[in-house]
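> Mind looking over this structure? Questions follow.
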Amino acid sequence: MHGPTPSGPRPSRRALLRGAAGGGLALTGLAAAAPGANATARAPGAPGAPGAPGARAIGAKVRDLTGPAQTGRFGAPWTDLGIPARCPDGSMLLVCGDTFDGGGVGGPDWRSPVGLRSSNADPAALTVDGCVGGGRAVGLVPEGHEGGTTAIPSDVFTVGSTMYMHLMRGVIYRTHHSDFWRSDDNGETWQYLCQWPGDQYGGQFQQKTYAVADDGYCYVLSTVFNRDITSGLLLHRVRQDALGNPAAYEPWGYAGGAWAWGNPPTTVTAARRWGEICFRAMDGGYALSWLNMAPLDLRAQFFPLPTSHLFTTPEQTTIVPTVPGRESGNAVASPYGGFIVPGSTVGDLHLAVSQWYDAQNYRVMQYRVSGLSR
């Protein structure tokens, strides 16, 4: 899940995970997904390249959410992502990716995903004070990491009294399939629902993120999960009572001169190399936060409807890259993630931002960003 850094070469995360697994990256029958024809489809007259970002926002680090001092006592000193979801009981669950104990990334007891808890869900007071597993964070689902495989969460969200989690399975950046899980006890235990093949829509249905709307639907944005591959951004909708039924996901696409539900899916914005994506119903509209790969930064868009025209919606920079030792404001060394913290607004946006540039600098941080506009 690492992103490039302007600080120069560094050890490959894949190599570190390979070492932790004690095996190679090869997985029988697994090939890197390539985008299909839809990756370059766009509405007539729409720009063919990502839009230029608007003025940079004002941002500042609030706190480290994970690290030896923050989460070491839960056996999770080294972890990333920390996708925040408000639980039905009012607490906050941070679902993290590849997690290690010991001296750094690649250390013992590799787990993914794990759940860390903040009993206070107020964005101004997030502090990890518990975990799924009691005293020590446990893997939320079975994953033995054979042959270097892992289970990377792309989203966690709550509908009523049920939480849902989407995982990407396989060797990192070579997604064999994605699967979907539910929890009815605030994320303590998870039950398998369904899965999708990694090559669906040319791989552009691997990484999914869900906006829970008030019209009975969830709206789903998806991309290829590989930062080196150009991908479209696809949109689907699914009724909230049918989330675990792959056949119920209805695509949004452009065909016959018009956009409509049920058309074959076409990209809803300019194709690009995507990192993590986070789509949320927020503040009376919708928000999309993502890691942009070229140029490297974190960006956000705000729009009134899930079907709004994203080709022309302003892209606003939230986090910019820098080198270790020169971090200040919203400048972060090796940033990725950018998951929206529940309770955020356009004017007061809180993000879970990950960082990884060496074995001891691998963490989840909270950033607060202001100065954004609709």
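Scheme for the structure tokens: letters A, B, ... for chains in order shown; per-chain residue numbers from 1; ligand numbers from 1 in order shown.
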Within range 74-304 of chain A, find each residue whose DSSP state, derived from the backbone, is strand (DSSP E), and express the selection as number ranges by chain.

A: 83-86, 92-96, 114-118, 130-131, 149-159, 162-171, 174-183, 191-197, 207-212, 217-223, 230-231, 234-239, 250-255, 258-261, 272-282, 285-293, 296-303

> Neighbouring residues of Asp184 in chain A were defined as those with any atom within 12 Å, considering only C-alpha atoms; residues of the same chain fewer than 4 positions away were excluded. Please report them as a PyMOL selection string.

chain A and resi 87-89+158-165+188-191

> With N, CA, C and O atoms retained, could you export that selection as a PDB file, in the first residue's frame?


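Once written, again36.pdb looks like this:
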```pdb
ATOM      1  N   CYS A  87     -19.181   2.943  14.638  1.00  0.00           N
ATOM      2  CA  CYS A  87     -19.879   1.699  14.938  1.00  0.00           C
ATOM      3  C   CYS A  87     -21.311   1.982  15.392  1.00  0.00           C
ATOM      4  O   CYS A  87     -21.621   3.086  15.860  1.00  0.00           O
ATOM      5  N   PRO A  88     -22.187   0.985  15.309  1.00  0.00           N
ATOM      6  CA  PRO A  88     -23.549   1.177  15.809  1.00  0.00           C
ATOM      7  C   PRO A  88     -23.610   1.589  17.274  1.00  0.00           C
ATOM      8  O   PRO A  88     -24.544   2.279  17.673  1.00  0.00           O
ATOM      9  N   ASP A  89     -22.614   1.199  18.090  1.00  0.00           N
ATOM     10  CA  ASP A  89     -22.635   1.566  19.508  1.00  0.00           C
ATOM     11  C   ASP A  89     -22.072   2.961  19.764  1.00  0.00           C
ATOM     12  O   ASP A  89     -21.966   3.397  20.911  1.00  0.00           O
ATOM     13  N   THR A 158     -21.005   1.585   7.855  1.00  0.00           N
ATOM     14  CA  THR A 158     -22.104   1.103   8.685  1.00  0.00           C
ATOM     15  C   THR A 158     -23.442   1.485   8.056  1.00  0.00           C
ATOM     16  O   THR A 158     -23.624   2.622   7.607  1.00  0.00           O
ATOM     17  N   VAL A 159     -24.349   0.517   8.014  1.00  0.00           N
ATOM     18  CA  VAL A 159     -25.735   0.748   7.607  1.00  0.00           C
ATOM     19  C   VAL A 159     -26.621   0.249   8.737  1.00  0.00           C
ATOM     20  O   VAL A 159     -26.684  -0.964   8.994  1.00  0.00           O
ATOM     21  N   GLY A 160     -27.264   1.145   9.432  1.00  0.00           N
ATOM     22  CA  GLY A 160     -28.097   0.748  10.562  1.00  0.00           C
ATOM     23  C   GLY A 160     -27.271   0.088  11.646  1.00  0.00           C
ATOM     24  O   GLY A 160     -26.315   0.667  12.155  1.00  0.00           O
ATOM     25  N   SER A 161     -27.620  -1.143  11.987  1.00  0.00           N
ATOM     26  CA  SER A 161     -26.905  -1.870  13.034  1.00  0.00           C
ATOM     27  C   SER A 161     -25.857  -2.821  12.485  1.00  0.00           C
ATOM     28  O   SER A 161     -25.292  -3.621  13.238  1.00  0.00           O
ATOM     29  N   THR A 162     -25.566  -2.741  11.194  1.00  0.00           N
ATOM     30  CA  THR A 162     -24.634  -3.665  10.543  1.00  0.00           C
ATOM     31  C   THR A 162     -23.449  -2.917   9.960  1.00  0.00           C
ATOM     32  O   THR A 162     -23.616  -1.856   9.348  1.00  0.00           O
ATOM     33  N   MET A 163     -22.257  -3.463  10.159  1.00  0.00           N
ATOM     34  CA  MET A 163     -21.048  -2.934   9.547  1.00  0.00           C
ATOM     35  C   MET A 163     -20.657  -3.825   8.382  1.00  0.00           C
ATOM     36  O   MET A 163     -20.876  -5.048   8.408  1.00  0.00           O
ATOM     37  N   TYR A 164     -20.052  -3.217   7.353  1.00  0.00           N
ATOM     38  CA  TYR A 164     -19.611  -3.948   6.169  1.00  0.00           C
ATOM     39  C   TYR A 164     -18.145  -3.633   5.907  1.00  0.00           C
ATOM     40  O   TYR A 164     -17.680  -2.517   6.179  1.00  0.00           O
ATOM     41  N   MET A 165     -17.424  -4.619   5.365  1.00  0.00           N
ATOM     42  CA  MET A 165     -15.991  -4.459   5.085  1.00  0.00           C
ATOM     43  C   MET A 165     -15.679  -5.089   3.735  1.00  0.00           C
ATOM     44  O   MET A 165     -16.071  -6.228   3.463  1.00  0.00           O
ATOM     45  N   GLU A 188     -16.630  -6.889  16.052  1.00  0.00           N
ATOM     46  CA  GLU A 188     -15.908  -7.919  16.813  1.00  0.00           C
ATOM     47  C   GLU A 188     -15.766  -9.214  16.024  1.00  0.00           C
ATOM     48  O   GLU A 188     -14.707  -9.843  16.048  1.00  0.00           O
ATOM     49  N   THR A 189     -16.811  -9.620  15.323  1.00  0.00           N
ATOM     50  CA  THR A 189     -16.757 -10.824  14.487  1.00  0.00           C
ATOM     51  C   THR A 189     -17.342 -10.486  13.122  1.00  0.00           C
ATOM     52  O   THR A 189     -18.216  -9.625  12.992  1.00  0.00           O
ATOM     53  N   TRP A 190     -16.860 -11.204  12.100  1.00  0.00           N
ATOM     54  CA  TRP A 190     -17.242 -10.910  10.721  1.00  0.00           C
ATOM     55  C   TRP A 190     -17.694 -12.184  10.010  1.00  0.00           C
ATOM     56  O   TRP A 190     -17.093 -13.243  10.185  1.00  0.00           O
ATOM     57  N   GLN A 191     -18.746 -12.041   9.203  1.00  0.00           N
ATOM     58  CA  GLN A 191     -19.294 -13.144   8.431  1.00  0.00           C
ATOM     59  C   GLN A 191     -19.144 -12.846   6.937  1.00  0.00           C
ATOM     60  O   GLN A 191     -19.459 -11.745   6.476  1.00  0.00           O
TER      61      GLN A 191
END
```

> Calculated over only C-alpha atoms, which of the candidates A:Ser178, A:Gly90, A:Ala270, A:Phe157 has the smallest distance to Cys218 in chain A?

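Closest residue, counting only C-alpha atoms: A:Phe157.
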
> So, with only C-alpha atoms as the atoms that count, which of A:Ser328, A:Ser354, A:Thr313, A:Ser344 lies closest to Asp122 in chain A?

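Smallest separation from Asp122 in chain A among the options: A:Ser344.
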
> Quick one: residues within 9 Å of range 293-304 of chain A, only C-alpha atoms counted, chain neighbours fewer than 5 positions away excluded, as a short mmCIF file (atom, residue, chain, number, x, y, z; two decimals) with C-alpha atoms, in the first residue's frame?


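The new file result_7.cif reads:
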```cif
data_model
loop_
_atom_site.label_atom_id
_atom_site.label_comp_id
_atom_site.auth_asym_id
_atom_site.auth_seq_id
_atom_site.Cartn_x
_atom_site.Cartn_y
_atom_site.Cartn_z
CA GLY A 3 3.26 5.35 -2.40
CA PRO A 4 6.34 6.88 -3.99
CA THR A 5 8.31 9.44 -2.07
CA PRO A 53 -6.08 20.84 -8.71
CA ARG A 227 -0.76 2.31 -8.57
CA ASP A 228 1.25 1.66 -11.73
CA ARG A 272 -5.42 8.02 -14.12
CA ARG A 273 -3.22 6.08 -11.70
CA TRP A 274 -5.21 5.88 -8.48
CA GLY A 275 -4.10 5.12 -4.97
CA MET A 282 -21.27 14.09 3.73
CA GLY A 284 -25.60 17.42 2.48
CA GLY A 285 -23.77 16.11 -0.58
CA TYR A 286 -20.94 13.75 -1.47
CA ALA A 287 -17.17 13.75 -1.00
CA LEU A 288 -14.43 11.82 -2.76
CA HIS A 309 -20.12 15.45 -13.58
CA LEU A 310 -16.71 14.74 -12.03
CA THR A 313 -15.78 19.23 -10.64
CA PRO A 314 -12.77 21.04 -9.12
CA GLU A 315 -10.07 18.82 -7.64
CA GLN A 316 -8.81 20.35 -4.41
CA THR A 317 -5.44 19.38 -2.93
CA THR A 318 -5.57 18.33 0.72
CA ILE A 319 -2.11 16.82 1.42
CA VAL A 320 1.15 17.46 -0.43
CA PRO A 321 4.34 15.37 -0.36
CA PRO A 335 1.59 10.13 2.22
CA TYR A 336 -1.19 7.76 1.19
CA GLY A 337 -4.67 6.75 2.31
CA GLY A 338 -6.70 9.86 3.02
CA VAL A 346 -16.35 20.33 3.81
CA LEU A 372 -11.92 23.68 1.00
CA SER A 373 -15.06 24.66 -0.88
CA ARG A 374 -17.95 23.03 -2.70
#
```

> Which residues are close to Pro68 in chain A, i.e. within 9 Å by only C-alpha atoms, leaving aside same-chain residues fewer than 4 positions away? Reply as a PyMOL selection string.

chain A and resi 72-73+75-78

> One decimal, in Å: what's the spacing between CA of Ala260 in chain A and CA of Thr307 in chain A?

9.4 Å

> Which polymer residues have any atom within 7 Å of an atom of Leu233 in chain A, counting only C-alpha atoms, with same-chain residues fewer than 3 positions away left out, as number ranges by chain?

A: 221-223, 267-269, 271

> Restricting the calculation to only C-alpha atoms: of A:Tyr173, A:Tyr210, A:Tyr201, A:Trp356, which residue gets closest to Ala333 in chain A?

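Once distances to Ala333 in chain A are computed over only C-alpha atoms, the minimum belongs to A:Trp356.
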
> From range 104-241 of chain A, collect each residue whose DSSP state is helix (DSSP H, G or I) and return the set as a ChimeraX atom specification.

/A:123-125,146-148,200-203,240-241

> Restricting the calculation to only C-alpha atoms, which member of A:Ile58, A:Arg136, A:Trp196, A:Ala213 is positioned closest to Gly371 in chain A?

A:Ile58

> Skipping near chain neighbours, those fewer than 5 positions away, what residues fall within 7 Å of Ser112 in chain A using only C-alpha atoms, listed as JSON, numbers by chain?

{"A": [97, 98, 99, 139, 150, 151, 152]}

> Deliver the residues from the most recent selection as a file, using N, CA and C atoms, as a short mmCIF file (atom, residue, chain, number, x, y, z; two decimals), in the first residue's frame.


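The file below, selection00.cif, is the result:
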```cif
data_model
loop_
_atom_site.label_atom_id
_atom_site.label_comp_id
_atom_site.auth_asym_id
_atom_site.auth_seq_id
_atom_site.Cartn_x
_atom_site.Cartn_y
_atom_site.Cartn_z
N GLY A 97 -4.52 -2.17 7.66
CA GLY A 97 -4.01 -3.14 6.72
C GLY A 97 -2.90 -3.98 7.32
N ASP A 98 -1.83 -4.19 6.55
CA ASP A 98 -0.74 -5.06 6.99
C ASP A 98 -0.16 -4.55 8.30
N THR A 99 -0.17 -5.41 9.31
CA THR A 99 0.15 -5.05 10.69
C THR A 99 1.22 -5.99 11.22
N GLY A 139 -6.36 -10.76 13.60
CA GLY A 139 -6.85 -10.66 12.24
C GLY A 139 -8.36 -10.79 12.23
N THR A 150 -2.21 -11.32 0.91
CA THR A 150 -2.70 -10.54 2.04
C THR A 150 -4.14 -10.16 1.79
N ALA A 151 -4.76 -9.49 2.75
CA ALA A 151 -6.15 -9.04 2.63
C ALA A 151 -6.16 -7.56 2.98
N ILE A 152 -6.21 -6.71 1.96
CA ILE A 152 -6.12 -5.26 2.15
C ILE A 152 -7.53 -4.68 2.18
#
```

> When you draw a straight line from CA of His145 in chain A to CA of Val171 in chain A, how long is it in Å?

8.7 Å

> Let me make sure I understand: among A:Gln195, A:Gln207, A:Asn120, A:Gln200, which one has the smallest atom-to-atom distance to Gly343 in chain A if we use only C-alpha atoms?

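Closest to Gly343 in chain A, using only C-alpha atoms: A:Asn120.
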
> Using only C-alpha atoms, which of the listed residues (A:Pro264, A:Pro153, A:Gly325, A:Gly257) sits closest to Glu276 in chain A?

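Nearest candidate to Glu276 in chain A out of A:Pro264, A:Pro153, A:Gly325, A:Gly257: A:Pro153.
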